[in-house]
4 protein chains.
Amino acid sequence: MNNQVDLNADVGESYGAFRIGADEELLREVTSANIACGWHAGDPLVMAKTVDLALRTGTGIGAHPGFPDLLGFGRRNLQISSAEAKGYVLYQMGALEAFVRRTGETMQHVKLHGAMYNVVSKDPVLAAAVVEAVAEFDRDLILVGFSGSQFLRLAQEAGLRVAHEAFADRAYLPDGTLVPRTSPGALIKDAASAATRALRMVTERLVQASDGQDIQVRADTICIHGDNPEAVTFARAVRQALRKARVQILPLREFIR
Amino acid sequence: MNNQVDLNADVGESYGAFRIGADEELLREVTSANIACGWHAGDPLVMAKTVDLALRTGTGIGAHPGFPDLLGFGRRNLQISSAEAKGYVLYQMGALEAFVRRTGETMQHVKLHGAMYNVVSKDPVLAAAVVEAVAEFDRDLILVGFSGSQFLRLAQEAGLRVAHEAFADRAYLPDGTLVPRTSPGALIKDAASAATRALRMVTERLVQASDGQDIQVRADTICIHGDNPEAVTFARAVRQALRKARVQILPLREFIR
Amino acid sequence: MNNQVDLNADVGESYGAFRIGADEELLREVTSANIACGWHAGDPLVMAKTVDLALRTGTGIGAHPGFPDLLGFGRRNLQISSAEAKGYVLYQMGALEAFVRRTGETMQHVKLHGAMYNVVSKDPVLAAAVVEAVAEFDRDLILVGFSGSQFLRLAQEAGLRVAHEAFADRAYLPDGTLVPRTSPGALIKDAASAATRALRMVTERLVQASDGQDIQVRADTICIHGDNPEAVTFARAVRQALRKARVQILPLREFIR
Amino acid sequence: MNNQVDLNADVGESYGAFRIGADEELLREVTSANIACGWHAGDPLVMAKTVDLALRTGTGIGAHPGFPDLLGFGRRNLQISSAEAKGYVLYQMGALEAFVRRTGETMQHVKLHGAMYNVVSKDPVLAAAVVEAVAEFDRDLILVGFSGSQFLRLAQEAGLRVAHEAFADRAYLPDGTLVPRTSPGALIKDAASAATRALRMVTERLVQASDGQDIQVRADTICIHGDNPEAVTFARAVRQALRKARVQILPLREFIR
């Protein structure tokens with residue numbers, strides 16, 4: 001069993017006059033921040049501000065690359081080549097890193113956003129391209145991906161450190177993938193249930209799938225969906241359950257080897 | 001007098017299916033390449049390819065940040081704040097650097113593009129913001145700017161290395177600024193005249209202004225306009241004139257202190 | 001004196017997942033809606049939904065073209081040619097009209113957005129280009145512009161109907177222009193004062209300028225700033241003051257000749 | 001058999017400083033022009049200029065809506081909802097129509113671009129959404145689509161006029177779909193063969209599929225790929241073959257009922 005876990009959230013998703021998310025509050029609850037890099041969300045001023053906020057709260061900073069689809073918030077699949085996948089991830093990691101470097105700090109991790117996260121979890125060709133991008137950019141970065149995915153296996157084979165991500169507010173299918181958002185029961189809306197699931201994922205490495213059976217899941221980090229208006233409440237419930245069970249909540253850099 | 005000079009050109013300005021410039025030929029003629037960073041031109045695949053081309057030809061690699069105005073190719077002034085100027089330059093330097101770093105090489109310089117180049121030459125507040133961006137990003141970068149501009153003075157005061165840029169194919173006003181493109185006689189269209197002017201700028205530090213008087217100009221690097229269909233011819237004429245006079249044509253990194 | 005006036009507000013400024021404005025409430029308070037056309041804000045789904053909402057509330061529908069600057073929300077000046085001004089306005093009017101036409105209704109007016117509104121109020125060359133765009137697109141459209149501006153004079157000379165717009169929540173300079181937003185006292189933050197000013201503009205055609213003197217102002221329509229969190233409160237105060245004085249609040253199409 | 005056919009080409013694909021296509025020459029060869037609407041290519045100045053060129057050559061003008069993917073030139077599939085499909089097509093038709101209307105002329109047709117063309121040929125839900133957009137926008141428009149597709153059947157059922165499009169420079173599979181571009185033999189590179197195929201499609205309604213069998217194909221219009229450097233040569237070969245066989249080459253509006 002784990003007695004350490006990271007909580008991560010997407011932040012820095014505002015764009016110009018368009019404001020999204022309760023970043024200031026959320027950054028006090030999570031230990032790792034996935035900061036949008038200007039493609040599906042975020043802009044240079046937002047990136048600068050969010051990096052500064054994350055440093056102030058001791059939150060680990062990660063690049064959060066997405067598809068070039070601001071209109072779709074990076075949530076719609078776009079058919080890209082492996083060269084495009086590699087280039088898009090390099091570009092966005094570099095852009096964010098400029099804002100981190102100016103503070104004298106370093107980036108902790110990379111986590112893909114939305115549809116790019118999903119497609120790379122399933123497509124080994126795109127997965128390999130993204131692993132290549134990260135390995136060529138900075139071998140010290142931790143790659144966050146869907147728990148148990150081939151993507152993370154490829155990353156480990158390439159010598160990268162990886163963090164398996166689990167979702168406390170999403171139902172799982174018996175095969176370990178998520179129940180699609182469009183299906184009934186896909187979302188765990190009750191913060192207490194989500195907290196209980198989170199705790200069990202961390203301490204027992206198990207989650208009850210949609211058919212009632214327990215399945216194995218590894219949770220180095222648990223995702224807190226920041227676009228949820230209840231995000232802060234939810235994060236607090238998860239933290240409280242974890243702490244009560246004496247699970248340490250730490251940024252990835254402090255326990256991922 | 002100088003017996004060393006750099007020739008620079010804008011490259012990597014294609015965008016997706018939109019092709020611009022004779023980069024392969026041009027990169028054989030110049031010693032420093034200003035590579036577009038995806039805002040006014042360029043995209044991740046183009047950036048990767050152009051960095052690779054520049055390395056193959058031994059050309060010094062520079063970031064070429066511009067306004068977020070693909071439609072206007074970064075040539076139209078956009079009223080931005082100093083925080084925006086700083087953020088826009090950081091973002092674009094970071095993005096390009098990712099493509100350089102993956103090759104094991106480093107960036108040599110930064111040169112602003114189009115309307116951003118012009119406005120920063122004149123506006124000390126924006127100039128200071130850009131200097132800050134470069135200094136915080138990488139103090140080893142050489143900042144290329146308009147010869148004699150306050151922008152370069154500010155950069156030097158901040159401890160950055162600078163390169164004064166002169167224009168062999170543009171007419172100068174008596175005050176040392178360029179004759180606006182829209183005025184008659186603004187462009188020196190004859191390659192031989194341009195080559196003669198380039199040589200004199202380098203070896204005598206003088207250029208004949210539009211009123212016939214000689215004025216002083218410092219030319220650490222001479223701009224070869226790549227969007228000109230005659231760019232390659234022009235570059236060759238300048239190179240030939242310089243070599244004949246035994247001026248060394250070298251990347252900035254080899255002689256700027 | 002007038003006993004009729006229109007209240008207008010900017011709506012439809014959301015973009016994909018980015019939500020802005022209390023459109024549903026605001027559309028119950030105003031009589032004319034300026035709907036963003038996808039350049040500085042808005043997208044096809046938002047445009048469709050906002051047109052439908054406006055029809056349901058009987059609000060006059062207007063196109064609200066802005067600069068191609070989503071990042072700056074159309075509030076930053078961009079140096080454009082008159083051909084660009086004309087083309088940008090035609091494009092955006094056409095795009096919005098498609099959503100209106102599918103309902104069997106027609107567009108009532110056009111009002112430029114942000115920096116484009118400001119620059120066209122002052123620049124006669126750009127003003128003429130915009131007038132040309134509107135005249136060629138649909139001579140029945142009412143052009144809304146800054147009260148007393150040369151822009152509106154040009155529009156009238158071209159045979160277009162115009163509506164003079166006044167600002168109840170902004171201070172005026174003695175020359176009839178607005179106190180810049182960055183100056184102290186630029187904004188009238190108290191809803192009651194704004195309502196009183198609005199009423200006086202309509203019934204007496206006067207407003208007290210920043211030097212204490214009364215100046216003339218014509219108010220066919222009064223702007224309700226929708227990005228203000230107090231927009232709805234403000235709109236209600238203005239409506240109440242006008243109604244109490246028996247001023248009719250009507251869409252432009254019902255009284256502009 | 002037909003003795004009338006239209007030739008169509010994609011034009012107006014330049015964007016700002018990015019120039020694509022030999023529009024002036026191409027518009028002298030084809031009878032219908034699909035004009036990009038600013039999303040995958042094209043901009044307001046290009047749209048204005050291309051509409052004017054098409055009018056001068058008597059070419060039928062069509063809107064050519066594509067995905068919001070300038071970087072991918074609209075050639076990459078993007079997962080969109082039917083509401084998005086409808087909105088995207090309405091928006092782009094409206095935008096182009098503004099430029100046509102200012103000349104006193106009307107639009108002749110609509111043809112989707114690239115990946116949107118392909119996905120709508122296969123997906124009946126998106127197809128219905130696009131048909132709805134066209135029917136609500138202008139029932140007089142002719143909808144151009146893949147010959148024999150369900151998309152065109154839906155359009156006809158909705159009372160729209162349709163034009164079946166065939167590809168003289170592409171190999172066909174026995175089921176009547178195209179050999180994917182990535183497969184060997186997908187492209188007919190020889191202009192003479194393409195011309196012969198075009199003629200047979202028009203006069204016999206047959207084309208030899210990749211297995212050697214003849215299959216039926218209806219060709220109201222034949223696509224001339226404008227991004228091909230050989231486009232003009234190819235168009236001329238097709239025209240010559242058709243004329244020799246006394247097939248009339250006419251804009252769609254002159255023979256589609």
# chains A, B, ... in the order shown; residues from 1 in each chain; ligands from 1
>>> interface_residues(of="chain D", to="chain B", cutoff="9 Å", atoms="only C-alpha atoms", output="list in words")
Ser14, Tyr15, Gly16, Ala17, Phe18, Arg19, Ile20, Asp43, Leu70, Leu71, Gly72 and Phe73 of chain D
>>> write_last_selection(atoms="N, CA and C atoms", output="PDB file, in the first residue's frame")
ATOM      1  N   SER D  14      -5.543  31.642 -49.970  1.00  0.00           N
ATOM      2  CA  SER D  14      -4.468  32.431 -49.356  1.00  0.00           C
ATOM      3  C   SER D  14      -4.956  32.965 -48.016  1.00  0.00           C
ATOM      4  N   TYR D  15      -3.991  33.368 -47.182  1.00  0.00           N
ATOM      5  CA  TYR D  15      -4.333  33.879 -45.847  1.00  0.00           C
ATOM      6  C   TYR D  15      -3.293  34.921 -45.482  1.00  0.00           C
ATOM      7  N   GLY D  16      -3.697  36.172 -45.415  1.00  0.00           N
ATOM      8  CA  GLY D  16      -2.759  37.246 -45.097  1.00  0.00           C
ATOM      9  C   GLY D  16      -1.574  37.204 -46.045  1.00  0.00           C
ATOM     10  N   ALA D  17      -0.379  37.185 -45.474  1.00  0.00           N
ATOM     11  CA  ALA D  17       0.840  37.170 -46.283  1.00  0.00           C
ATOM     12  C   ALA D  17       1.107  35.797 -46.895  1.00  0.00           C
ATOM     13  N   PHE D  18       0.328  34.796 -46.511  1.00  0.00           N
ATOM     14  CA  PHE D  18       0.537  33.432 -47.000  1.00  0.00           C
ATOM     15  C   PHE D  18      -0.239  33.223 -48.299  1.00  0.00           C
ATOM     16  N   ARG D  19       0.485  32.998 -49.371  1.00  0.00           N
ATOM     17  CA  ARG D  19      -0.146  32.897 -50.686  1.00  0.00           C
ATOM     18  C   ARG D  19      -0.221  31.439 -51.138  1.00  0.00           C
ATOM     19  N   ILE D  20      -1.385  31.014 -51.567  1.00  0.00           N
ATOM     20  CA  ILE D  20      -1.577  29.651 -52.076  1.00  0.00           C
ATOM     21  C   ILE D  20      -2.400  29.714 -53.351  1.00  0.00           C
ATOM     22  N   ASP D  43      -9.259  34.797 -46.009  1.00  0.00           N
ATOM     23  CA  ASP D  43      -9.480  35.889 -45.066  1.00  0.00           C
ATOM     24  C   ASP D  43     -10.353  36.920 -45.768  1.00  0.00           C
ATOM     25  N   LEU D  70      -6.890  26.176 -39.141  1.00  0.00           N
ATOM     26  CA  LEU D  70      -6.012  26.809 -40.121  1.00  0.00           C
ATOM     27  C   LEU D  70      -4.671  26.074 -40.178  1.00  0.00           C
ATOM     28  N   LEU D  71      -4.182  25.674 -39.013  1.00  0.00           N
ATOM     29  CA  LEU D  71      -2.893  24.981 -38.928  1.00  0.00           C
ATOM     30  C   LEU D  71      -2.910  23.686 -39.726  1.00  0.00           C
ATOM     31  N   GLY D  72      -4.046  23.008 -39.761  1.00  0.00           N
ATOM     32  CA  GLY D  72      -4.152  21.737 -40.492  1.00  0.00           C
ATOM     33  C   GLY D  72      -4.846  21.893 -41.833  1.00  0.00           C
ATOM     34  N   PHE D  73      -5.130  23.140 -42.231  1.00  0.00           N
ATOM     35  CA  PHE D  73      -5.767  23.445 -43.511  1.00  0.00           C
ATOM     36  C   PHE D  73      -7.097  22.698 -43.646  1.00  0.00           C
TER      37      PHE D  73
END
>>> select_by_dssp(residues="range 7-244 of chain A", states="strand (DSSP E)", output="ChimeraX atom specification")
/A:7-11,32-36,60-64,109-111,142-146,161-166,206-208,214-216,221-224
>>> write_last_selection(atoms="N, CA and C atoms", output="CSV table (one decimal), in the first residue's frame")
chain,number,residue,atom,x,y,z
A,7,LEU,N,-2.2,15.1,-5.1
A,7,LEU,CA,-3.4,15.6,-5.7
A,7,LEU,C,-3.1,16.6,-6.8
A,8,ASN,N,-3.7,16.4,-8.0
A,8,ASN,CA,-3.4,17.3,-9.1
A,8,ASN,C,-4.7,18.0,-9.6
A,9,ALA,N,-4.5,19.2,-10.1
A,9,ALA,CA,-5.7,19.9,-10.7
A,9,ALA,C,-5.2,20.7,-11.9
A,10,ASP,N,-6.1,20.9,-12.9
A,10,ASP,CA,-5.8,21.8,-14.0
A,10,ASP,C,-6.1,23.2,-13.6
A,11,VAL,N,-5.1,24.1,-13.8
A,11,VAL,CA,-5.3,25.5,-13.5
A,11,VAL,C,-4.7,26.3,-14.6
A,32,SER,N,0.0,19.3,-6.9
A,32,SER,CA,0.6,19.5,-8.3
A,32,SER,C,-0.4,20.2,-9.2
A,33,ALA,N,0.1,21.2,-9.9
A,33,ALA,CA,-0.7,22.0,-10.8
A,33,ALA,C,-0.4,21.8,-12.2
A,34,ASN,N,-1.4,21.4,-13.0
A,34,ASN,CA,-1.2,21.3,-14.5
A,34,ASN,C,-1.6,22.6,-15.1
A,35,ILE,N,-0.6,23.3,-15.6
A,35,ILE,CA,-0.9,24.7,-16.1
A,35,ILE,C,-1.0,24.7,-17.6
A,36,ALA,N,-2.2,25.2,-18.1
A,36,ALA,CA,-2.4,25.3,-19.5
A,36,ALA,C,-1.4,26.1,-20.2
A,60,GLY,N,3.7,21.6,-7.0
A,60,GLY,CA,4.6,21.2,-8.1
A,60,GLY,C,4.0,21.7,-9.4
A,61,ILE,N,4.8,22.2,-10.2
A,61,ILE,CA,4.4,22.9,-11.5
A,61,ILE,C,4.5,21.9,-12.7
A,62,GLY,N,3.5,21.7,-13.4
A,62,GLY,CA,3.5,20.9,-14.6
A,62,GLY,C,3.0,21.6,-15.8
A,63,ALA,N,3.5,21.2,-17.0
A,63,ALA,CA,3.0,21.7,-18.3
A,63,ALA,C,1.8,20.8,-18.6
A,64,HIS,N,0.8,21.4,-19.2
A,64,HIS,CA,-0.5,20.8,-19.5
A,64,HIS,C,-0.8,21.0,-21.0
A,109,HIS,N,6.5,18.2,-13.7
A,109,HIS,CA,5.8,17.2,-14.4
A,109,HIS,C,5.2,17.7,-15.7
A,110,VAL,N,4.7,16.7,-16.5
A,110,VAL,CA,3.9,17.0,-17.7
A,110,VAL,C,2.7,16.1,-17.6
A,111,LYS,N,1.5,16.7,-17.9
A,111,LYS,CA,0.3,15.9,-18.0
A,111,LYS,C,-0.5,16.5,-19.2
A,142,ILE,N,8.5,14.3,-14.6
A,142,ILE,CA,7.7,13.2,-14.3
A,142,ILE,C,6.5,13.2,-15.3
A,143,LEU,N,6.2,12.1,-15.9
A,143,LEU,CA,5.1,12.1,-16.9
A,143,LEU,C,3.9,11.5,-16.2
A,144,VAL,N,2.8,12.3,-16.1
A,144,VAL,CA,1.6,11.8,-15.5
A,144,VAL,C,0.7,11.3,-16.6
A,145,GLY,N,0.1,10.1,-16.4
A,145,GLY,CA,-0.8,9.5,-17.4
A,145,GLY,C,-1.8,8.6,-16.7
A,146,PHE,N,-2.7,8.1,-17.6
A,146,PHE,CA,-3.8,7.2,-17.1
A,146,PHE,C,-3.2,6.0,-16.4
A,161,ARG,N,10.5,8.9,-15.3
A,161,ARG,CA,9.7,8.7,-14.2
A,161,ARG,C,8.3,8.9,-14.5
A,162,VAL,N,7.4,8.1,-14.0
A,162,VAL,CA,6.0,8.3,-14.3
A,162,VAL,C,5.1,8.3,-13.1
A,163,ALA,N,4.0,8.9,-13.2
A,163,ALA,CA,3.0,8.9,-12.1
A,163,ALA,C,1.7,8.4,-12.6
A,164,HIS,N,1.1,7.4,-12.0
A,164,HIS,CA,-0.2,6.8,-12.4
A,164,HIS,C,-1.3,7.6,-11.8
A,165,GLU,N,-2.2,8.0,-12.7
A,165,GLU,CA,-3.3,8.9,-12.2
A,165,GLU,C,-4.6,8.2,-12.1
A,166,ALA,N,-5.3,8.4,-11.0
A,166,ALA,CA,-6.6,7.8,-10.8
A,166,ALA,C,-7.7,8.9,-10.6
A,206,LEU,N,-7.4,-0.5,-4.8
A,206,LEU,CA,-8.6,-1.1,-5.4
A,206,LEU,C,-9.6,0.0,-5.6
A,207,VAL,N,-10.5,-0.3,-6.6
A,207,VAL,CA,-11.7,0.5,-6.8
A,207,VAL,C,-12.8,-0.4,-7.3
A,208,GLN,N,-14.0,-0.1,-6.8
A,208,GLN,CA,-15.2,-0.9,-7.2
A,208,GLN,C,-15.6,-0.4,-8.7
A,214,ASP,N,-14.3,-5.5,-7.5
A,214,ASP,CA,-13.2,-4.7,-7.2
A,214,ASP,C,-12.1,-4.9,-8.3
A,215,ILE,N,-11.5,-3.8,-8.8
A,215,ILE,CA,-10.4,-4.0,-9.7
A,215,ILE,C,-9.2,-3.2,-9.2
A,216,GLN,N,-8.0,-3.6,-9.7
A,216,GLN,CA,-6.8,-2.9,-9.2
A,216,GLN,C,-6.6,-1.6,-9.9
A,221,THR,N,-1.3,9.7,-8.1
A,221,THR,CA,-1.8,11.1,-8.1
A,221,THR,C,-3.3,11.0,-8.4
A,222,ILE,N,-4.1,11.8,-7.7
A,222,ILE,CA,-5.6,11.8,-7.9
A,222,ILE,C,-5.9,13.1,-8.5
A,223,CYS,N,-6.8,13.0,-9.5
A,223,CYS,CA,-7.2,14.2,-10.3
A,223,CYS,C,-8.4,14.9,-9.6
A,224,ILE,N,-8.2,16.2,-9.4
A,224,ILE,CA,-9.3,17.1,-8.9
A,224,ILE,C,-9.7,17.9,-10.1
>>> select_by_dssp(residues="range 1-160 of chain A", states="alpha helix (DSSP H)", output="ChimeraX atom specification")
/A:23-29,44-56,82-101,114-122,124-137,150-157
>>> residues_around(residues="range 92-106 of chain B", least_positions_apart="2", cutoff="6 Å", atoms="only C-alpha atoms", output="ChimeraX atom specification")
/A:90-91,94-95,98,136-137 /B:37,48,63,65,89-90
>>> residues_around(residues="Pro174 in chain C", least_positions_apart="4", cutoff="8 Å", atoms="only C-alpha atoms", output="VMD selection string")
chain C and resid 209 to 211 213 215
>>> write_last_selection(atoms="N, CA, C and O atoms", output="PDB file, in the first residue's frame")
ATOM      1  N   ALA C 209     -20.283  67.883 -17.817  1.00  0.00           N
ATOM      2  CA  ALA C 209     -18.935  67.425 -18.146  1.00  0.00           C
ATOM      3  C   ALA C 209     -18.041  67.484 -16.910  1.00  0.00           C
ATOM      4  O   ALA C 209     -18.449  67.977 -15.855  1.00  0.00           O
ATOM      5  N   SER C 210     -16.808  66.996 -17.069  1.00  0.00           N
ATOM      6  CA  SER C 210     -15.896  66.860 -15.928  1.00  0.00           C
ATOM      7  C   SER C 210     -15.502  68.220 -15.336  1.00  0.00           C
ATOM      8  O   SER C 210     -15.040  68.287 -14.199  1.00  0.00           O
ATOM      9  N   ASP C 211     -15.696  69.305 -16.092  1.00  0.00           N
ATOM     10  CA  ASP C 211     -15.367  70.635 -15.545  1.00  0.00           C
ATOM     11  C   ASP C 211     -16.586  71.303 -14.908  1.00  0.00           C
ATOM     12  O   ASP C 211     -16.525  72.472 -14.550  1.00  0.00           O
ATOM     13  N   GLN C 213     -19.422  72.074 -16.312  1.00  0.00           N
ATOM     14  CA  GLN C 213     -20.314  72.721 -17.294  1.00  0.00           C
ATOM     15  C   GLN C 213     -21.232  71.686 -17.948  1.00  0.00           C
ATOM     16  O   GLN C 213     -20.820  70.550 -18.153  1.00  0.00           O
ATOM     17  N   ILE C 215     -22.879  70.114 -21.168  1.00  0.00           N
ATOM     18  CA  ILE C 215     -22.642  70.057 -22.618  1.00  0.00           C
ATOM     19  C   ILE C 215     -23.789  69.300 -23.254  1.00  0.00           C
ATOM     20  O   ILE C 215     -24.504  68.547 -22.596  1.00  0.00           O
TER      21      ILE C 215
END
>>> decode(residues="range 101-118 of chain C", atoms="N, CA, C and O atoms", output="mmCIF file, in the first residue's frame")
data_model
loop_
_atom_site.group_PDB
_atom_site.id
_atom_site.type_symbol
_atom_site.label_atom_id
_atom_site.label_comp_id
_atom_site.auth_asym_id
_atom_site.auth_seq_id
_atom_site.Cartn_x
_atom_site.Cartn_y
_atom_site.Cartn_z
ATOM 1 N N ARG C 101 -31.120 35.033 -40.024
ATOM 2 C CA ARG C 101 -31.944 34.665 -41.169
ATOM 3 C C ARG C 101 -32.604 33.294 -40.976
ATOM 4 O O ARG C 101 -33.738 33.082 -41.395
ATOM 5 N N ARG C 102 -31.884 32.373 -40.333
ATOM 6 C CA ARG C 102 -32.456 31.029 -40.136
ATOM 7 C C ARG C 102 -33.707 31.069 -39.264
ATOM 8 O O ARG C 102 -34.491 30.123 -39.251
ATOM 9 N N THR C 103 -33.917 32.197 -38.557
ATOM 10 C CA THR C 103 -35.119 32.315 -37.723
ATOM 11 C C THR C 103 -36.233 33.042 -38.461
ATOM 12 O O THR C 103 -37.331 33.182 -37.920
ATOM 13 N N GLY C 104 -35.964 33.519 -39.656
ATOM 14 C CA GLY C 104 -36.967 34.269 -40.398
ATOM 15 C C GLY C 104 -36.997 35.751 -40.040
ATOM 16 O O GLY C 104 -37.788 36.510 -40.585
ATOM 17 N N GLU C 105 -36.125 36.162 -39.123
ATOM 18 C CA GLU C 105 -36.087 37.572 -38.715
ATOM 19 C C GLU C 105 -34.983 38.327 -39.461
ATOM 20 O O GLU C 105 -34.248 37.745 -40.251
ATOM 21 N N THR C 106 -34.879 39.626 -39.167
ATOM 22 C CA THR C 106 -33.818 40.421 -39.782
ATOM 23 C C THR C 106 -33.001 41.131 -38.702
ATOM 24 O O THR C 106 -33.482 41.336 -37.589
ATOM 25 N N MET C 107 -31.810 41.517 -39.082
ATOM 26 C CA MET C 107 -30.957 42.280 -38.177
ATOM 27 C C MET C 107 -31.433 43.722 -38.114
ATOM 28 O O MET C 107 -31.881 44.274 -39.115
ATOM 29 N N GLN C 108 -31.310 44.318 -36.942
ATOM 30 C CA GLN C 108 -31.756 45.696 -36.753
ATOM 31 C C GLN C 108 -30.618 46.688 -36.927
ATOM 32 O O GLN C 108 -30.791 47.753 -37.504
ATOM 33 N N HIS C 109 -29.431 46.347 -36.374
ATOM 34 C CA HIS C 109 -28.383 47.364 -36.326
ATOM 35 C C HIS C 109 -26.983 46.751 -36.347
ATOM 36 O O HIS C 109 -26.819 45.538 -36.291
ATOM 37 N N VAL C 110 -25.990 47.641 -36.430
ATOM 38 C CA VAL C 110 -24.580 47.270 -36.313
ATOM 39 C C VAL C 110 -23.939 48.236 -35.335
ATOM 40 O O VAL C 110 -24.168 49.446 -35.425
ATOM 41 N N LYS C 111 -23.160 47.694 -34.418
ATOM 42 C CA LYS C 111 -22.361 48.552 -33.531
ATOM 43 C C LYS C 111 -20.975 47.932 -33.423
ATOM 44 O O LYS C 111 -20.849 46.746 -33.115
ATOM 45 N N LEU C 112 -19.958 48.718 -33.699
ATOM 46 C CA LEU C 112 -18.588 48.198 -33.592
ATOM 47 C C LEU C 112 -18.221 47.981 -32.131
ATOM 48 O O LEU C 112 -18.782 48.604 -31.236
ATOM 49 N N HIS C 113 -17.229 47.124 -31.926
ATOM 50 C CA HIS C 113 -16.816 46.770 -30.561
ATOM 51 C C HIS C 113 -15.475 47.403 -30.163
ATOM 52 O O HIS C 113 -14.549 47.466 -30.975
ATOM 53 N N GLY C 114 -15.387 47.782 -28.914
ATOM 54 C CA GLY C 114 -14.119 48.100 -28.267
ATOM 55 C C GLY C 114 -13.210 49.045 -29.025
ATOM 56 O O GLY C 114 -13.574 50.175 -29.361
ATOM 57 N N ALA C 115 -11.995 48.591 -29.280
ATOM 58 C CA ALA C 115 -11.005 49.461 -29.921
ATOM 59 C C ALA C 115 -11.407 49.835 -31.338
ATOM 60 O O ALA C 115 -11.056 50.908 -31.824
ATOM 61 N N MET C 116 -12.161 48.965 -32.008
ATOM 62 C CA MET C 116 -12.610 49.301 -33.364
ATOM 63 C C MET C 116 -13.649 50.432 -33.295
ATOM 64 O O MET C 116 -13.617 51.353 -34.116
ATOM 65 N N TYR C 117 -14.527 50.373 -32.332
ATOM 66 C CA TYR C 117 -15.496 51.451 -32.101
ATOM 67 C C TYR C 117 -14.759 52.764 -31.897
ATOM 68 O O TYR C 117 -15.082 53.786 -32.508
ATOM 69 N N ASN C 118 -13.754 52.736 -31.035
ATOM 70 C CA ASN C 118 -13.035 53.967 -30.701
ATOM 71 C C ASN C 118 -12.274 54.531 -31.887
ATOM 72 O O ASN C 118 -12.337 55.721 -32.163
#
